[in-house]
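Colleague: This is the structure I have questions about; it appears just below.
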Amino acid sequence: MSKAGKGNRAAADIDLYLPAPLSHPLSAGHRGLELLPPVVYQKTLCGWSFSTGWVCCAGSLWGQLHASSACVRTKAGTWILVQTPWPPPSGMLAEPFNWHPGMWNMLIVAMCLALLGCLQAQELQGHVSIILLGATGDLAKKYLWQGLFQLYLDEAGRGHSFSFHGAALTAPKQGQELMAKALESLSCPKDMAPSHCAEHKDQFLQLSQYRQLKTAEDYQALNKDIKAQLQHAGLREAGRIFYFSVPPFAYEDIARNINSSCRPGPGAWLRVVLEKPFGHDHFSAQQLATELGTFFQEEEMYRVDHYLGKQAVAQILPFRDQNRKALDGLWNRHHVERVEIIMKETVDAEGRTSFYEEYGVIRDVLQNHLTEVLTLVAMELPHNVSSAEAVLRHKLQVFQALRGLQRGSAIVGQYQSYSEQVRRELQKPDSFHSLTPTFAAVLVHIDNLRWEGVPFILMSGKALDERVGYARILFKNQACCVQSEKHWAAAQSQCLPRQLVFHIGHGDLGSPAVLVSRNLFRPSLPSSWKEMEGPPGLRLFGSPLSDYYAYSPVQERDAHSVLLSHIFHGRKDFFITTENLLASWDFWTPLLESLAHKAPRLYPGGAENGRLLDFEFSSGRLFFSQQQPEQLVPGPGPAPMPSDFQVLRAKYRESPLVSAWSEELISKLANDIEATAVRAVRRFGQFHLALSGGSSPVALFQQLATAHYGFPWAHTHLWLVDERCVPLSDPESNFQGLQAHLLQHVRIPYYNIHPMPVHLQQRLCAEEDQGAQIYAREISALVANSSFDLVLLGMGADGHTASLFPQSPTGLDGEQLVVLTTSPSQPHRRMSLSLPLINRAKKVAVLVMGRMKREITTLVSRVGHEPKKWPISGVLPHSGQLVWYMDYDAFLG
């Protein structure tokens, strides 16, 4: 082809190419027109002109190919179809084509590729308007403008045109100045020539403008201006992106204005991008989701968790997919010892204490970033990991399998200067001491066949000794090497640790990486990752770097740049759906509520932390390895230890009272139960223990499971004091709580376990099924004189005990041993031991814990025997002993 001339199209320089004689034959004995290769150039289309045999390529324009057509190539490298005069100038055609069968095969291939290219080109063509709300804020200045510039560099010339609107509440002149300052720091990839970089930056700046978006009229004006721009340039609208880099309280008004005044026209898409926090708990997240759902469809909303844009995190699913053959047999409870998902920071919360006081480290990091990483590690791998729908569905299945968190599932800490920072920044009084955690570690279990029993440890904190983030899968090692370590094959011995690490960033490596122990397998990674070498002597996770196959990205990219690209291409699997968001809050909210009044462990910060934050885990509980003094009133001098306070022995309602701090109280009660069990087994050969449900006994169950190896479980019968009328597998079931925190951790014969029969004939607590009578007969048959060796009770804030509530028509007197009752709270139907049966016990222990019980504790201490008003007052064993166990919060407030 020969260059014929130049022209202009939509402000872009184009080069016009017309057909010219071929310098070589298309086939033996034939000469004709030069044939452009039938491929797609940057999402553009190549086609064939049948009347002349010419090949033409269509980019942003497409029409029927005519004999009078020619190819135009723009500076961006795309090809478009134009019309040229016909007949062509003499001499352009050396001779007409003589068609033969071989050429038809070439034509068919060219036409198929042309059609495919046309579909791809059509998909990406059109104009995209991107509106950045909060364009002058910190997030925009640090990440979002650079991300938008990178998006422009990636997508310009691929069939789309762009306009960028920076928006805020700031007045136009000041806002334009602030935005211009933010755009000064834009940078290009390292491999781009400086001249090209300057040219692209200039183009981006010309396409970017500031506007004030404050009123409904402002949004209407924006919509009008976008439409006018499209009409003036003769462009088709592909879609609009609204990026909400604003606080959540502003979402509703902005969403209303976009929905009413600023939606794109028919055939164009709308995508709204939302930054965390997405609520404070399950209720607030549900409210926010409902508000947004009135204005936007689910497919239009993209909730950003920037951790999903981190290159190492984004590589988790592709890595698992590419290495299925090696991982299929390893990625399960039989081979994985534990999973650690960690994000450590050296900075503190100074300057952000107003945010931190509201959210704290669990809401800020664990509920979102680390939970998302957990789902990527734990989810079942879809057959097609490129299917957003399949990925999101499998992530949701992980949430559905998570075991509920208890207070003992977490430990929390706070760096020592935090409260002083809060007092200074938020003008709090000198007496103010915050309970907000700046450090947290949480033990998570997934109750499915793949991960049953495998601990997932999520940890994050501020003012720690290093800045690093990673997901580490540590594999079990059952190898035993006979020869000494000096004879082991370097980096390959089966006795060395076996681990796979997705290194998210920072730390000693300083970059994203994937590390696989050489004694596991040699991994396969995409071409965008390369093998890396670290500094000599570098050790990671207990091994030198040489012990790993180590890979890093060929080109590092900021997380927001990655996510903006996914938003542009409509990849929903990198974002948080409403369903997954609410599932996450449903999982985390109970733990957050249980920790709301727990004083965190104080730590100095940085390297001075030493081993103060080291922790261990056992039987579903986390605990600090080192004891730390607990300060009742912060002040100078060493704080007292819990052991410095003697267990208080006194009387309560004329019965023995044991009172102590909660941990020591639980320890004392567990010891007393074990001593009672040992005596009973020694005398009678068996021990009958009736346990109540609820949250108070959970710590006791965990203590019995983890610290009482001499307990005679093989000779113990476990009964329930009461039960909710739900299936035994329901999380609300008292038996389910007993199973989760005690039964699965001890060796007790299954025939010694006696759940209440609340679910008979596929019905719950139906009178005609006689479940209460069945349980009473079972007690009479197995328990001598229907007298339990020990009954553990609690006391509700209304004075109820077991499921015997004030004004209960049954169970407070009479001959019935087991009764059906009604609760004022859901689930309303209950089954309960009666007061007459409880009072037959040889010993009754009443456990009362928490500041919430202070009021009822005071009230009950003053009343007489009035079980109709306060059923707990009716607990008076006929010939046994009643002992009250109260922590200081319940006893002293």
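Scheme for the structure tokens: letters A, B, ... for chains in order shown; per-chain residue numbers from 1; ligand numbers from 1 in order shown.
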Please provide as a PyMOL selection string all residues within 12 Å of Ala255 (chain A), with the sequence filter that same-chain residues fewer than 6 positions apart are discarded (counting only C-alpha atoms).
Modeller: chain A and resi 133+216+219+242-244+246+248-249+261-263+270-274+288-289+291-297+300-301
Colleague: As a PyMOL selection string, please: the residues near Glu237 (chain A) (cut-off 12 Å, only C-alpha atoms, same-chain neighbours under 6 positions excluded).
Modeller: chain A and resi 124-130+160-163+226-231+263-270
Colleague: Create the file for the chosen residues now, containing N, CA, C and O atoms and written as an mmCIF file, in the first residue's frame.
Modeller:
data_model
loop_
_atom_site.group_PDB
_atom_site.id
_atom_site.type_symbol
_atom_site.label_atom_id
_atom_site.label_comp_id
_atom_site.auth_asym_id
_atom_site.auth_seq_id
_atom_site.Cartn_x
_atom_site.Cartn_y
_atom_site.Cartn_z
ATOM 1 N N LEU A 124 -16.790 -2.381 23.075
ATOM 2 C CA LEU A 124 -15.997 -1.385 23.784
ATOM 3 C C LEU A 124 -16.168 0.032 23.261
ATOM 4 O O LEU A 124 -15.597 0.949 23.801
ATOM 5 N N GLN A 125 -16.907 0.207 22.167
ATOM 6 C CA GLN A 125 -16.987 1.538 21.569
ATOM 7 C C GLN A 125 -17.925 2.450 22.343
ATOM 8 O O GLN A 125 -18.855 2.006 22.967
ATOM 9 N N GLY A 126 -17.672 3.756 22.269
ATOM 10 C CA GLY A 126 -18.548 4.755 22.854
ATOM 11 C C GLY A 126 -17.806 5.667 23.811
ATOM 12 O O GLY A 126 -16.616 5.499 24.077
ATOM 13 N N HIS A 127 -18.545 6.633 24.342
ATOM 14 C CA HIS A 127 -17.962 7.635 25.233
ATOM 15 C C HIS A 127 -18.310 7.306 26.689
ATOM 16 O O HIS A 127 -19.439 6.946 27.020
ATOM 17 N N VAL A 128 -17.310 7.429 27.570
ATOM 18 C CA VAL A 128 -17.501 7.161 28.988
ATOM 19 C C VAL A 128 -17.210 8.422 29.780
ATOM 20 O O VAL A 128 -16.137 9.029 29.638
ATOM 21 N N SER A 129 -18.167 8.812 30.609
ATOM 22 C CA SER A 129 -17.986 9.959 31.519
ATOM 23 C C SER A 129 -17.717 9.414 32.915
ATOM 24 O O SER A 129 -18.468 8.574 33.414
ATOM 25 N N ILE A 130 -16.630 9.887 33.531
ATOM 26 C CA ILE A 130 -16.279 9.438 34.877
ATOM 27 C C ILE A 130 -16.355 10.627 35.814
ATOM 28 O O ILE A 130 -15.666 11.636 35.600
ATOM 29 N N HIS A 160 -12.757 3.795 22.837
ATOM 30 C CA HIS A 160 -13.542 4.645 23.723
ATOM 31 C C HIS A 160 -12.963 6.059 23.747
ATOM 32 O O HIS A 160 -11.750 6.250 23.625
ATOM 33 N N SER A 161 -13.842 6.997 23.977
ATOM 34 C CA SER A 161 -13.410 8.351 24.339
ATOM 35 C C SER A 161 -13.859 8.617 25.767
ATOM 36 O O SER A 161 -14.778 7.966 26.266
ATOM 37 N N PHE A 162 -13.178 9.542 26.437
ATOM 38 C CA PHE A 162 -13.401 9.774 27.856
ATOM 39 C C PHE A 162 -13.590 11.250 28.155
ATOM 40 O O PHE A 162 -13.104 12.132 27.447
ATOM 41 N N SER A 163 -14.278 11.493 29.282
ATOM 42 C CA SER A 163 -14.238 12.803 29.942
ATOM 43 C C SER A 163 -14.245 12.543 31.445
ATOM 44 O O SER A 163 -14.872 11.585 31.912
ATOM 45 N N ILE A 226 -23.036 16.755 29.668
ATOM 46 C CA ILE A 226 -22.555 15.490 29.085
ATOM 47 C C ILE A 226 -23.281 15.217 27.772
ATOM 48 O O ILE A 226 -22.664 14.855 26.757
ATOM 49 N N LYS A 227 -24.597 15.416 27.756
ATOM 50 C CA LYS A 227 -25.365 15.182 26.538
ATOM 51 C C LYS A 227 -24.950 16.131 25.426
ATOM 52 O O LYS A 227 -24.840 15.747 24.255
ATOM 53 N N ALA A 228 -24.703 17.398 25.784
ATOM 54 C CA ALA A 228 -24.280 18.374 24.781
ATOM 55 C C ALA A 228 -22.922 18.002 24.192
ATOM 56 O O ALA A 228 -22.698 18.132 22.980
ATOM 57 N N GLN A 229 -22.016 17.532 25.058
ATOM 58 C CA GLN A 229 -20.692 17.120 24.587
ATOM 59 C C GLN A 229 -20.804 15.957 23.615
ATOM 60 O O GLN A 229 -20.134 15.923 22.573
ATOM 61 N N LEU A 230 -21.660 14.987 23.929
ATOM 62 C CA LEU A 230 -21.842 13.835 23.057
ATOM 63 C C LEU A 230 -22.409 14.247 21.705
ATOM 64 O O LEU A 230 -21.946 13.792 20.657
ATOM 65 N N GLN A 231 -23.392 15.134 21.747
ATOM 66 C CA GLN A 231 -24.037 15.559 20.512
ATOM 67 C C GLN A 231 -23.078 16.363 19.647
ATOM 68 O O GLN A 231 -23.014 16.184 18.430
ATOM 69 N N ARG A 263 -28.817 9.953 35.224
ATOM 70 C CA ARG A 263 -28.624 8.636 34.629
ATOM 71 C C ARG A 263 -28.310 8.784 33.139
ATOM 72 O O ARG A 263 -28.801 9.712 32.493
ATOM 73 N N PRO A 264 -27.504 7.881 32.572
ATOM 74 C CA PRO A 264 -27.250 7.932 31.127
ATOM 75 C C PRO A 264 -28.494 7.524 30.347
ATOM 76 O O PRO A 264 -29.447 6.974 30.915
ATOM 77 N N GLY A 265 -28.459 7.764 29.043
ATOM 78 C CA GLY A 265 -29.600 7.454 28.204
ATOM 79 C C GLY A 265 -29.748 5.971 27.941
ATOM 80 O O GLY A 265 -28.930 5.159 28.382
ATOM 81 N N PRO A 266 -30.791 5.582 27.209
ATOM 82 C CA PRO A 266 -31.048 4.167 26.896
ATOM 83 C C PRO A 266 -29.851 3.540 26.185
ATOM 84 O O PRO A 266 -29.215 4.174 25.341
ATOM 85 N N GLY A 267 -29.559 2.297 26.568
ATOM 86 C CA GLY A 267 -28.458 1.582 25.936
ATOM 87 C C GLY A 267 -27.110 1.805 26.578
ATOM 88 O O GLY A 267 -26.135 1.127 26.238
ATOM 89 N N ALA A 268 -27.014 2.760 27.501
ATOM 90 C CA ALA A 268 -25.743 3.037 28.192
ATOM 91 C C ALA A 268 -25.843 2.530 29.636
ATOM 92 O O ALA A 268 -26.913 2.505 30.221
ATOM 93 N N TRP A 269 -24.701 2.160 30.187
ATOM 94 C CA TRP A 269 -24.689 1.624 31.544
ATOM 95 C C TRP A 269 -24.343 2.695 32.575
ATOM 96 O O TRP A 269 -23.737 3.720 32.273
ATOM 97 N N LEU A 270 -24.745 2.398 33.832
ATOM 98 C CA LEU A 270 -24.392 3.250 34.977
ATOM 99 C C LEU A 270 -23.681 2.380 36.005
ATOM 100 O O LEU A 270 -24.130 1.283 36.325
#
Colleague: How many Å lie between CA of Met852 (chain A) and CA of Val791 (chain A), rounded to one decimal?
Modeller: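 Separation between CA of Met852 (chain A) and CA of Val791 (chain A): 23.2 Å.
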Colleague: What separation in Å, quoted to one decimal, exists between CA of Gln555 (chain A) and CA of Trp529 (chain A)?
Modeller: 8.2 Å
Colleague: Quick one: of A:Gly694, A:Pro318, A:Pro824, A:Gly404, who's nearest to Pro382 (chain A), counting only C-alpha atoms?
Modeller: A:Pro318
Colleague: Write out as a list in words the residues lying within 10 Å of Ile576 (chain A), counting only C-alpha atoms and excluding same-chain residues fewer than 3 positions away.
Modeller: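 That gives Leu274, Phe278, Met301, Tyr302, Arg303, Val304, Asp305, Leu308, Asn368, Glu372, Leu392, Lys572, Asp573, Glu579, Asn580, Leu581 and Leu582 of chain A.
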Colleague: For Asp447 (chain A), find every residue with an atom within 10 Å (counting only C-alpha atoms), except residues of its own chain fewer than 5 positions away, and show them as a list of chain:residue names.
Modeller: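 Selected residues are A:Val398, A:Gln400, A:Ala401, A:Leu402, A:Arg403, A:Gly404, A:Glu452, A:Gly453, A:Val454.
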Colleague: Counting only C-alpha atoms, which residue out of A:His560, A:Ala802, A:Glu420, A:Leu742 sits closest to Lys142 (chain A)?
Modeller: A:His560
